[in-house]
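> Contents are CSV, C-alpha atoms and all ligand atoms; file name my_file.csv:
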```csv
chain,number,residue,atom,x,y,z
A,1,MET,CA,12.9,-2.1,-26.0
A,2,SER,CA,13.2,-5.9,-25.8
A,3,GLN,CA,11.4,-7.6,-22.9
A,4,SER,CA,14.7,-8.3,-21.2
A,5,GLU,CA,15.8,-4.6,-21.5
A,6,GLN,CA,12.4,-3.6,-20.1
A,7,LEU,CA,12.8,-5.8,-17.1
A,8,LEU,CA,16.2,-4.3,-16.3
A,9,SER,CA,15.0,-0.8,-16.9
A,10,LEU,CA,12.4,-1.3,-14.1
A,11,TYR,CA,15.2,-2.3,-11.8
A,12,ARG,CA,17.3,0.7,-12.8
A,13,GLN,CA,14.4,3.1,-12.4
A,14,MET,CA,13.6,1.9,-8.9
A,15,LEU,CA,17.3,2.3,-7.9
A,16,ILE,CA,17.4,5.8,-9.3
A,17,ILE,CA,14.5,6.7,-7.0
A,18,ARG,CA,15.9,4.9,-4.0
A,19,TYR,CA,19.4,6.3,-4.2
A,20,THR,CA,18.2,9.8,-5.0
A,21,GLU,CA,15.9,9.7,-1.9
A,22,GLU,CA,18.6,8.4,0.3
A,23,GLN,CA,20.8,11.2,-0.9
A,24,LEU,CA,18.1,13.7,-0.3
A,25,ALA,CA,17.7,12.4,3.3
A,26,ARG,CA,21.4,12.9,3.9
A,27,SER,CA,21.3,16.4,2.3
A,28,HIS,CA,18.3,17.3,4.5
A,29,GLN,CA,20.3,16.3,7.6
A,30,MET,CA,23.1,18.6,6.4
A,31,GLY,CA,20.7,21.6,6.0
A,32,LEU,CA,21.0,21.7,2.2
A,33,ILE,CA,17.3,21.3,1.6
A,34,HIS,CA,15.0,24.2,1.9
A,35,GLY,CA,11.4,23.2,2.9
A,36,ALA,CA,9.9,19.8,3.6
A,37,CYS,CA,11.2,16.6,2.2
A,38,HIS,CA,8.9,13.5,2.1
A,39,THR,CA,10.7,10.5,0.7
A,40,TYR,CA,9.3,7.7,-1.3
A,41,VAL,CA,11.6,5.0,0.1
A,42,GLY,CA,9.7,1.7,0.0
A,43,GLU,CA,7.2,2.8,-2.6
A,44,GLU,CA,9.4,2.9,-5.7
A,45,ALA,CA,7.7,0.1,-7.5
A,46,ILE,CA,4.5,2.1,-8.0
A,47,ALA,CA,5.8,5.1,-9.9
A,48,THR,CA,8.2,2.8,-11.8
A,49,GLY,CA,5.5,0.3,-12.9
A,50,VAL,CA,3.0,2.9,-13.9
A,51,CYS,CA,5.3,5.4,-15.6
A,52,ALA,CA,7.0,2.7,-17.7
A,53,HIS,CA,3.8,2.8,-19.8
A,54,LEU,CA,3.6,6.5,-20.2
A,55,ARG,CA,4.7,8.7,-23.1
A,56,PRO,CA,6.3,12.1,-22.5
A,57,ASP,CA,3.1,13.8,-23.5
A,58,ASP,CA,1.0,11.9,-20.9
A,59,ALA,CA,0.3,14.0,-17.9
A,60,VAL,CA,1.2,13.1,-14.3
A,61,PHE,CA,-0.2,15.0,-11.3
A,62,SER,CA,1.4,14.1,-8.0
A,63,THR,CA,1.6,14.7,-4.3
A,64,HIS,CA,3.8,15.9,-1.4
A,65,ARG,CA,5.6,12.5,-1.7
A,66,GLY,CA,6.4,13.1,-5.4
A,67,HIS,CA,10.1,12.8,-6.0
A,68,GLY,CA,9.6,9.3,-7.3
A,69,HIS,CA,6.9,10.3,-9.7
A,70,ALA,CA,9.0,13.1,-11.1
A,71,LEU,CA,12.0,10.8,-11.6
A,72,ALA,CA,10.0,8.0,-13.1
A,73,LYS,CA,8.3,10.5,-15.5
A,74,GLY,CA,11.7,11.7,-16.8
A,75,VAL,CA,12.9,14.5,-14.6
A,76,SER,CA,16.6,13.9,-14.1
A,77,PRO,CA,18.1,13.4,-10.6
A,78,ARG,CA,20.2,16.5,-11.2
A,79,GLU,CA,17.0,18.6,-11.8
A,80,VAL,CA,15.3,17.1,-8.8
A,81,VAL,CA,18.1,17.5,-6.3
A,82,ALA,CA,18.9,21.0,-7.5
A,83,GLU,CA,15.3,22.0,-7.1
A,84,LEU,CA,15.3,20.8,-3.5
A,85,PHE,CA,18.5,22.7,-2.9
A,86,GLY,CA,16.8,25.8,-4.2
A,87,ARG,CA,19.2,26.3,-7.1
A,88,ALA,CA,18.5,27.9,-10.5
A,89,THR,CA,19.3,24.6,-12.3
A,90,GLY,CA,16.4,22.8,-10.6
A,91,CYS,CA,13.4,21.7,-12.7
A,92,SER,CA,11.4,24.7,-11.3
A,93,GLN,CA,14.5,26.9,-11.3
A,94,GLY,CA,14.8,26.7,-7.6
A,95,ARG,CA,11.5,28.5,-7.0
A,96,GLY,CA,9.4,25.5,-5.8
A,97,GLY,CA,11.3,22.8,-3.9
A,98,SER,CA,10.0,19.3,-3.2
A,99,MET,CA,6.3,20.1,-3.5
A,100,HIS,CA,6.6,22.1,-6.8
A,101,LEU,CA,8.4,19.7,-9.1
A,102,PHE,CA,7.3,20.7,-12.6
A,103,LYS,CA,8.5,19.7,-16.0
A,104,PRO,CA,5.8,19.9,-18.6
A,105,GLU,CA,8.2,18.9,-21.4
A,106,VAL,CA,8.1,15.4,-20.0
A,107,GLY,CA,4.6,15.5,-18.7
A,108,MET,CA,5.4,16.1,-15.1
A,109,MET,CA,2.7,18.4,-14.2
A,110,GLY,CA,3.5,19.0,-10.6
A,111,THR,CA,4.0,17.7,-7.1
A,112,SER,CA,1.8,19.4,-4.6
A,113,GLY,CA,1.6,20.3,-0.9
A,114,ILE,CA,-2.2,20.1,-1.0
A,115,VAL,CA,-3.7,16.6,-0.5
A,116,GLY,CA,-6.4,15.7,-3.0
A,117,PRO,CA,-6.4,18.2,-6.0
A,118,CYS,CA,-4.2,16.0,-8.2
A,119,ILE,CA,-7.2,13.7,-8.6
A,120,LEU,CA,-9.2,16.6,-10.1
A,121,GLN,CA,-6.3,17.8,-12.2
A,122,ALA,CA,-5.8,14.4,-13.8
A,123,THR,CA,-9.5,14.2,-14.4
A,124,GLY,CA,-9.3,17.5,-16.2
A,125,ALA,CA,-6.3,16.4,-18.2
A,126,GLY,CA,-8.3,13.3,-19.2
A,127,TYR,CA,-11.2,15.5,-20.3
A,128,SER,CA,-8.8,17.7,-22.3
A,129,PHE,CA,-7.2,14.7,-24.0
A,130,LYS,CA,-10.6,13.2,-24.8
A,131,LEU,CA,-11.7,16.5,-26.5
A,132,LEU,CA,-8.4,16.6,-28.4
A,133,LYS,CA,-8.9,12.9,-29.4
A,134,SER,CA,-5.1,12.6,-28.7
A,135,GLU,CA,-4.9,9.2,-27.0
A,136,GLN,CA,-2.9,10.8,-24.2
A,137,VAL,CA,-3.7,9.8,-20.6
A,138,GLY,CA,-3.8,11.7,-17.3
A,139,VAL,CA,-2.5,10.1,-14.2
A,140,ALA,CA,-3.1,11.0,-10.6
A,141,PHE,CA,-0.9,9.5,-7.9
A,142,PHE,CA,-2.3,10.0,-4.4
A,143,GLY,CA,-2.1,8.5,-0.9
A,144,ASP,CA,-4.8,6.9,1.1
A,145,GLY,CA,-5.1,10.2,2.9
A,146,ALA,CA,-6.7,11.7,-0.2
A,147,VAL,CA,-9.3,9.0,-0.6
A,148,ASN,CA,-11.8,10.5,1.9
A,149,ASN,CA,-11.3,14.0,0.4
A,150,GLY,CA,-14.2,15.3,-1.7
A,151,ALA,CA,-11.9,15.5,-4.7
A,152,PHE,CA,-11.8,11.7,-4.9
A,153,HIS,CA,-15.6,11.4,-5.2
A,154,GLU,CA,-15.9,14.3,-7.7
A,155,GLY,CA,-13.0,13.2,-9.8
A,156,LEU,CA,-13.9,9.6,-10.0
A,157,ASN,CA,-17.5,10.2,-10.7
A,158,LEU,CA,-16.8,12.7,-13.5
A,159,ALA,CA,-14.1,10.5,-15.1
A,160,SER,CA,-16.6,7.6,-15.0
A,161,ILE,CA,-19.6,9.3,-16.6
A,162,TRP,CA,-17.5,10.8,-19.4
A,163,LYS,CA,-15.2,7.7,-19.8
A,164,LEU,CA,-12.1,9.8,-19.4
A,165,PRO,CA,-8.6,8.5,-20.1
A,166,THR,CA,-7.5,8.8,-16.5
A,167,LEU,CA,-5.6,6.5,-14.2
A,168,PHE,CA,-6.2,6.9,-10.4
A,169,ILE,CA,-3.3,5.4,-8.6
A,170,CYS,CA,-3.8,5.2,-4.9
A,171,GLU,CA,-0.6,4.5,-3.0
A,172,ASN,CA,-2.0,3.1,0.2
A,173,ASN,CA,0.8,3.0,2.6
A,174,LEU,CA,-1.6,2.5,5.5
A,175,TYR,CA,-1.1,5.9,7.2
A,176,ALA,CA,-1.9,9.5,6.5
A,177,THR,CA,1.0,11.1,8.5
A,178,GLU,CA,0.2,9.3,11.8
A,179,VAL,CA,-3.4,8.4,11.2
A,180,PRO,CA,-4.1,4.7,10.3
A,181,PHE,CA,-6.2,4.5,7.2
A,182,ALA,CA,-8.2,1.6,8.8
A,183,TYR,CA,-9.2,4.1,11.5
A,184,ALA,CA,-10.0,7.0,9.2
A,185,SER,CA,-12.0,5.0,6.7
A,186,GLY,CA,-15.4,3.2,6.9
A,187,ASN,CA,-14.2,1.1,3.9
A,188,PRO,CA,-10.4,0.8,4.1
A,189,HIS,CA,-10.4,-1.2,0.8
A,190,VAL,CA,-9.8,1.5,-1.9
A,191,GLY,CA,-9.6,-1.1,-4.7
A,192,ASN,CA,-13.3,-2.1,-4.2
A,193,ARG,CA,-14.6,1.5,-4.4
A,194,GLY,CA,-14.6,1.5,-8.2
A,195,PRO,CA,-18.0,-0.2,-8.6
A,196,ALA,CA,-19.6,2.6,-6.5
A,197,TYR,CA,-18.6,4.9,-9.4
A,198,GLY,CA,-19.2,2.4,-12.2
A,199,MET,CA,-15.5,2.2,-12.7
A,200,GLU,CA,-12.9,-0.6,-13.2
A,201,SER,CA,-10.9,-1.0,-10.1
A,202,LEU,CA,-8.4,-3.4,-8.5
A,203,THR,CA,-5.9,-3.8,-5.7
A,204,VAL,CA,-2.3,-4.9,-6.3
A,205,ASP,CA,0.8,-5.5,-4.3
A,206,GLY,CA,2.4,-2.1,-4.6
A,207,ASN,CA,5.8,-3.6,-3.5
A,208,ASP,CA,5.8,-5.9,-6.6
A,209,VAL,CA,6.9,-3.9,-9.6
A,210,LEU,CA,5.7,-6.5,-12.1
A,211,ALA,CA,2.2,-6.6,-10.5
A,212,VAL,CA,2.0,-2.8,-10.8
A,213,TYR,CA,3.4,-2.9,-14.3
A,214,GLU,CA,0.8,-5.4,-15.5
A,215,ALA,CA,-2.1,-3.6,-13.9
A,216,ALA,CA,-1.0,-0.2,-15.3
A,217,GLU,CA,-0.5,-1.7,-18.8
A,218,GLU,CA,-4.1,-2.8,-18.9
A,219,ALA,CA,-5.3,0.5,-17.5
A,220,VAL,CA,-3.3,2.6,-20.0
A,221,ARG,CA,-4.5,0.3,-22.8
A,222,ARG,CA,-8.1,0.9,-21.8
A,223,ALA,CA,-7.6,4.6,-21.4
A,224,ARG,CA,-6.0,5.1,-24.8
A,225,GLY,CA,-8.7,2.9,-26.4
A,226,GLY,CA,-11.5,5.0,-25.1
A,227,GLU,CA,-12.7,2.5,-22.5
A,228,GLY,CA,-12.5,4.9,-19.6
A,229,PRO,CA,-10.7,5.3,-16.3
A,230,THR,CA,-9.3,2.8,-13.9
A,231,LEU,CA,-8.7,3.0,-10.1
A,232,ILE,CA,-5.7,1.0,-8.9
A,233,GLU,CA,-5.0,0.6,-5.2
A,234,CYS,CA,-1.4,-0.2,-4.6
A,235,ARG,CA,-0.8,-1.6,-1.1
A,236,THR,CA,2.6,-0.4,0.1
A,237,TYR,CA,4.5,1.1,3.0
A,238,ARG,CA,6.9,4.0,3.6
A,239,THR,CA,9.8,2.8,5.6
A,240,ARG,CA,11.1,6.3,6.6
A,241,ALA,CA,9.4,8.9,8.7
A,242,HIS,CA,6.5,10.8,7.1
A,243,ALA,CA,8.9,13.6,6.4
A,244,GLU,CA,12.6,14.0,7.0
A,245,GLY,CA,13.4,15.3,10.5
A,246,MET,CA,10.0,14.3,11.9
A,247,ARG,CA,9.7,11.8,14.7
A,248,ASP,CA,8.6,8.4,13.7
A,249,ALA,CA,7.2,6.8,16.8
A,250,GLY,CA,4.0,6.3,18.7
A,251,TYR,CA,1.7,5.5,15.8
A,252,ARG,CA,3.4,2.3,14.4
A,253,THR,CA,5.6,-0.3,15.8
A,254,GLN,CA,9.2,-1.0,14.9
A,255,GLU,CA,8.2,-4.6,14.3
A,256,GLU,CA,5.8,-3.5,11.6
A,257,VAL,CA,8.4,-1.4,9.9
A,258,GLU,CA,10.9,-4.3,10.0
A,259,GLU,CA,8.2,-6.6,8.6
A,260,TRP,CA,7.6,-4.3,5.6
A,261,LYS,CA,11.4,-3.9,5.1
A,262,GLU,CA,11.4,-7.6,4.4
A,263,ARG,CA,9.0,-6.9,1.5
A,264,ASP,CA,11.3,-4.2,0.1
A,265,PRO,CA,10.3,-3.8,-3.6
A,266,ILE,CA,13.9,-3.5,-4.8
A,267,THR,CA,15.3,-6.5,-2.9
A,268,ARG,CA,12.4,-8.6,-4.0
A,269,TYR,CA,12.8,-7.7,-7.6
A,270,ASN,CA,16.5,-8.2,-7.5
A,271,GLU,CA,15.9,-11.8,-6.2
A,272,TRP,CA,13.2,-12.3,-8.9
A,273,LEU,CA,15.6,-11.3,-11.7
A,274,LEU,CA,18.3,-13.7,-10.4
A,275,GLU,CA,15.9,-16.6,-9.7
A,276,ASN,CA,14.3,-16.3,-13.2
A,277,GLU,CA,17.7,-15.9,-14.8
A,278,GLU,CA,16.7,-12.6,-16.3
A,279,ALA,CA,20.0,-11.1,-15.1
A,280,GLY,CA,23.2,-12.2,-13.4
A,281,THR,CA,24.7,-10.6,-10.3
A,282,GLU,CA,27.3,-8.8,-12.4
A,283,THR,CA,24.7,-7.1,-14.5
A,284,LEU,CA,22.8,-6.0,-11.5
A,285,ALA,CA,25.9,-4.8,-9.7
A,286,ALA,CA,26.9,-2.8,-12.8
A,287,ILE,CA,23.4,-1.1,-12.9
A,288,GLU,CA,23.7,-0.3,-9.2
A,289,ALA,CA,27.2,1.2,-9.7
A,290,GLU,CA,26.0,3.3,-12.6
A,291,VAL,CA,23.0,4.7,-10.7
A,292,LYS,CA,25.1,5.4,-7.6
A,293,GLU,CA,27.5,7.5,-9.7
A,294,MET,CA,24.5,9.3,-11.3
A,295,VAL,CA,23.2,10.3,-7.9
A,296,VAL,CA,26.7,11.4,-6.6
A,297,ASP,CA,26.9,13.5,-9.8
A,298,ALA,CA,23.4,14.9,-9.2
A,299,GLU,CA,24.3,16.0,-5.6
A,300,GLU,CA,27.6,17.6,-6.8
A,301,PHE,CA,25.8,19.3,-9.6
A,302,ALA,CA,23.2,20.7,-7.3
A,303,ARG,CA,25.6,21.8,-4.6
A,304,ASN,CA,27.8,23.7,-7.2
A,305,SER,CA,24.8,25.3,-9.0
A,306,PRO,CA,24.0,29.0,-8.6
A,307,TRP,CA,21.2,30.4,-6.7
A,308,PRO,CA,18.5,32.1,-8.7
A,309,GLU,CA,19.4,35.8,-9.3
A,310,PRO,CA,17.5,38.0,-6.9
A,311,GLU,CA,16.5,40.4,-9.7
A,312,THR,CA,14.5,37.5,-11.4
A,313,VAL,CA,12.2,37.1,-8.4
A,314,SER,CA,9.1,38.4,-10.3
A,315,GLU,CA,9.7,36.3,-13.4
A,316,HIS,CA,7.2,33.5,-13.9
A,317,VAL,CA,4.7,35.3,-11.6
A,318,PHE,CA,1.3,35.9,-13.2
A,319,ASN,CA,-1.3,38.3,-12.1
A,320,GLN,CA,-4.6,37.4,-13.7
A,321,ARG,CA,-7.2,40.2,-13.5
A,401,LIG,C1,-5.9,19.5,1.9
A,401,LIG,C2,-4.8,19.1,2.9
A,401,LIG,N1,-5.1,18.7,4.2
A,401,LIG,C3,-4.2,18.3,5.0
A,401,LIG,C4,-2.9,18.4,4.7
A,401,LIG,C5,-1.8,18.1,5.7
A,401,LIG,N2,-1.1,16.8,5.3
A,401,LIG,C6,0.1,16.8,4.7
A,401,LIG,S1,0.6,15.2,4.3
A,401,LIG,C7,-0.8,14.6,5.0
A,401,LIG,C8,-1.0,13.1,5.0
A,401,LIG,C9,-1.3,12.6,3.6
A,401,LIG,O1,-1.4,11.2,3.7
A,401,LIG,P1,-1.5,10.3,2.4
A,401,LIG,O2,-2.3,11.1,1.4
A,401,LIG,O3,-1.9,9.0,2.8
A,401,LIG,O4,0.0,10.3,1.8
A,401,LIG,P2,1.3,9.8,2.5
A,401,LIG,O5,1.9,10.9,3.2
A,401,LIG,O6,0.9,8.6,3.4
A,401,LIG,O7,2.1,9.4,1.3
A,401,LIG,C10,-1.7,15.6,5.5
A,401,LIG,C11,-3.0,15.3,6.1
A,401,LIG,C12,-2.5,18.9,3.4
A,401,LIG,N3,-1.3,19.0,3.0
A,401,LIG,N4,-3.5,19.2,2.5
```
Let me see the structure of the file written as structure tokens.

Amino acid sequence: MSQSEQLLSLYRQMLIIRYTEEQLARSHQMGLIHGACHTYVGEEAIATGVCAHLRPDDAVFSTHRGHGHALAKGVSPREVVAELFGRATGCSQGRGGSMHLFKPEVGMMGTSGIVGPCILQATGAGYSFKLLKSEQVGVAFFGDGAVNNGAFHEGLNLASIWKLPTLFICENNLYATEVPFAYASGNPHVGNRGPAYGMESLTVDGNDVLAVYEAAEEAVRRARGGEGPTLIECRTYRTRAHAEGMRDAGYRTQEEVEEWKERDPITRYNEWLLENEEAGTETLAAIEAEVKEMVVDAEEFARNSPWPEPETVSEHVFNQR
């Protein structure tokens, strides 16, 4: 891919996430989604900037806010929307929903309803890749709410001492549900915790896709080259409620939300592309139209897909004695 194609591909990927999330929010209001739905609106630059450097055989472990990670890792909007609709055509065949988006064929190793374990799973993947000498990387995406969980300490320490090819991507959107990270944390600067573990770490503007892209490029290069893990704190903000259908008041002000909307990663990048003459308005409009159509198609596909057959209920269920 040429540099110019790469720049446009970042734009397109962020739009795929944004439009899919906005569709999911509408579908949730219509009662088409079964289970919780935490959108990634406002945070699209992070999954996009990181996953742009990943191969299909690199492994991503994600969170409850994981639609963007799945989409950026190569799960299609059709498979994501159908999964949230509980249909047999979903990436987990309608058995999982939002918090069980799996597609190992493209290295999407799961979203999760449990805050924290993705850090340990990505560490474990890194250990496996190191033993295999495969130059693959393991990536954990997690929120600030996971940073004071024991998994963070254990995972980062192990990855550091064994120089594992793992990326720890903290999406610090300032709140864990309604709890401000600054209140919940003695040290609210995640990006400077790396030295405590003997690990490279840095903080980037998580609403600047190029800043994330550059930081991840270096981290992936180091991981593949045997130089060990990196912790990247991406400062960002979710502009919708914690989860669809939840109230969104009392813990943050409307002014704060509006202020962050001004820093919207997609609008900013659109302006950057135009100002730097990397694309014209027509090109960007054509990408927007194409992605919009893709998401309309995904919703229709999902709505018209069959439910899983009741007699298959015990398939994919394992009982390990
Ligand atoms: C181990 C565990 N504890 C508590 C919860 C309940 N819970 C669900 S989401 C959430 C907040 C997570 O905040 P953060 O990790 O910052 O992610 P964000 O929602 O801000 O993206 C909590 C505490 C959980 N799912 N798992």
> Neighbours of Asn149 of chain A within 7 Å (all atoms listed in the file; same-chain residues fewer than 3 positions away dropped), as a list in words?
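Surrounding residues, per the criterion: Gly116, Ala146 and Phe152 of chain A.
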> Need the neighbours of (-10.0, 13.2, -5.2): which residues are at most 12 Å away, counting all atoms listed in the file, as an mmCIF file with C-alpha atoms, keeping the file's coordinate frame?

```
data_model
loop_
_atom_site.group_PDB
_atom_site.id
_atom_site.type_symbol
_atom_site.label_atom_id
_atom_site.label_comp_id
_atom_site.auth_asym_id
_atom_site.auth_seq_id
_atom_site.Cartn_x
_atom_site.Cartn_y
_atom_site.Cartn_z
ATOM 1 C CA PHE A 61 -0.200 15.000 -11.300
ATOM 2 C CA SER A 62 1.400 14.100 -8.000
ATOM 3 C CA THR A 63 1.600 14.700 -4.300
ATOM 4 C CA ILE A 114 -2.200 20.100 -1.000
ATOM 5 C CA VAL A 115 -3.700 16.600 -0.500
ATOM 6 C CA GLY A 116 -6.400 15.700 -3.000
ATOM 7 C CA PRO A 117 -6.400 18.200 -6.000
ATOM 8 C CA CYS A 118 -4.200 16.000 -8.200
ATOM 9 C CA ILE A 119 -7.200 13.700 -8.600
ATOM 10 C CA LEU A 120 -9.200 16.600 -10.100
ATOM 11 C CA GLN A 121 -6.300 17.800 -12.200
ATOM 12 C CA ALA A 122 -5.800 14.400 -13.800
ATOM 13 C CA THR A 123 -9.500 14.200 -14.400
ATOM 14 C CA GLY A 124 -9.300 17.500 -16.200
ATOM 15 C CA ALA A 140 -3.100 11.000 -10.600
ATOM 16 C CA PHE A 141 -0.900 9.500 -7.900
ATOM 17 C CA PHE A 142 -2.300 10.000 -4.400
ATOM 18 C CA GLY A 143 -2.100 8.500 -0.900
ATOM 19 C CA ASP A 144 -4.800 6.900 1.100
ATOM 20 C CA GLY A 145 -5.100 10.200 2.900
ATOM 21 C CA ALA A 146 -6.700 11.700 -0.200
ATOM 22 C CA VAL A 147 -9.300 9.000 -0.600
ATOM 23 C CA ASN A 148 -11.800 10.500 1.900
ATOM 24 C CA ASN A 149 -11.300 14.000 0.400
ATOM 25 C CA GLY A 150 -14.200 15.300 -1.700
ATOM 26 C CA ALA A 151 -11.900 15.500 -4.700
ATOM 27 C CA PHE A 152 -11.800 11.700 -4.900
ATOM 28 C CA HIS A 153 -15.600 11.400 -5.200
ATOM 29 C CA GLU A 154 -15.900 14.300 -7.700
ATOM 30 C CA GLY A 155 -13.000 13.200 -9.800
ATOM 31 C CA LEU A 156 -13.900 9.600 -10.000
ATOM 32 C CA ASN A 157 -17.500 10.200 -10.700
ATOM 33 C CA LEU A 158 -16.800 12.700 -13.500
ATOM 34 C CA ALA A 159 -14.100 10.500 -15.100
ATOM 35 C CA PHE A 168 -6.200 6.900 -10.400
ATOM 36 C CA ILE A 169 -3.300 5.400 -8.600
ATOM 37 C CA CYS A 170 -3.800 5.200 -4.900
ATOM 38 C CA LEU A 231 -8.700 3.000 -10.100
#
```
> What's the separation between atom CA of Glu227 of chain A and atom CA of Val106 of chain A, in Å to one decimal place?
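Answer for the atom CA of Glu227 of chain A to atom CA of Val106 of chain A separation: 24.6 Å.
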> Interatomic distance between atom CA of Ala36 of chain A and atom CA of Glu244 of chain A?
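For atom CA of Ala36 of chain A relative to atom CA of Glu244 of chain A, the distance reads 7.2 Å.
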> To one decimal place, how far is atom CA of Thr166 of chain A from atom O3 of ligand LIG 401 (chain A) in Å?
20.1 Å
> List as a list of chain:residue names the residues having at least one atom at most 8 Å from position (-2.5, -5.9, -6.1) as given in the file, counting all atoms listed in the file.
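The answer, in the requested form, is A:Leu202, A:Thr203, A:Val204, A:Asp205, A:Gly206, A:Ala211, A:Val212, A:Glu233, A:Cys234, A:Arg235.
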> Would you mind listing what lies within 8 Å of Val220 of chain A as a short mmCIF file (atom, residue, chain, number, x, y, z; two decimals) with C-alpha atoms, in the frame of the given file, with all atoms listed in the file counted and same-chain residues fewer than 4 positions away left out?

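So the final result, stored in part-v4.cif, reads:
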```
data_model
loop_
_atom_site.label_atom_id
_atom_site.label_comp_id
_atom_site.auth_asym_id
_atom_site.auth_seq_id
_atom_site.Cartn_x
_atom_site.Cartn_y
_atom_site.Cartn_z
CA HIS A 53 3.80 2.80 -19.80
CA LEU A 54 3.60 6.50 -20.20
CA VAL A 137 -3.70 9.80 -20.60
CA PRO A 165 -8.60 8.50 -20.10
CA LEU A 167 -5.60 6.50 -14.20
CA ALA A 216 -1.00 -0.20 -15.30
CA ARG A 224 -6.00 5.10 -24.80
#
```
> Compare A:Ile16, A:Leu84, A:Ile46, A:Ile232 by their minimum atom-to-atom distance to Gly31 of chain A, counting only C-alpha atoms, and give me the closest one.
A:Leu84
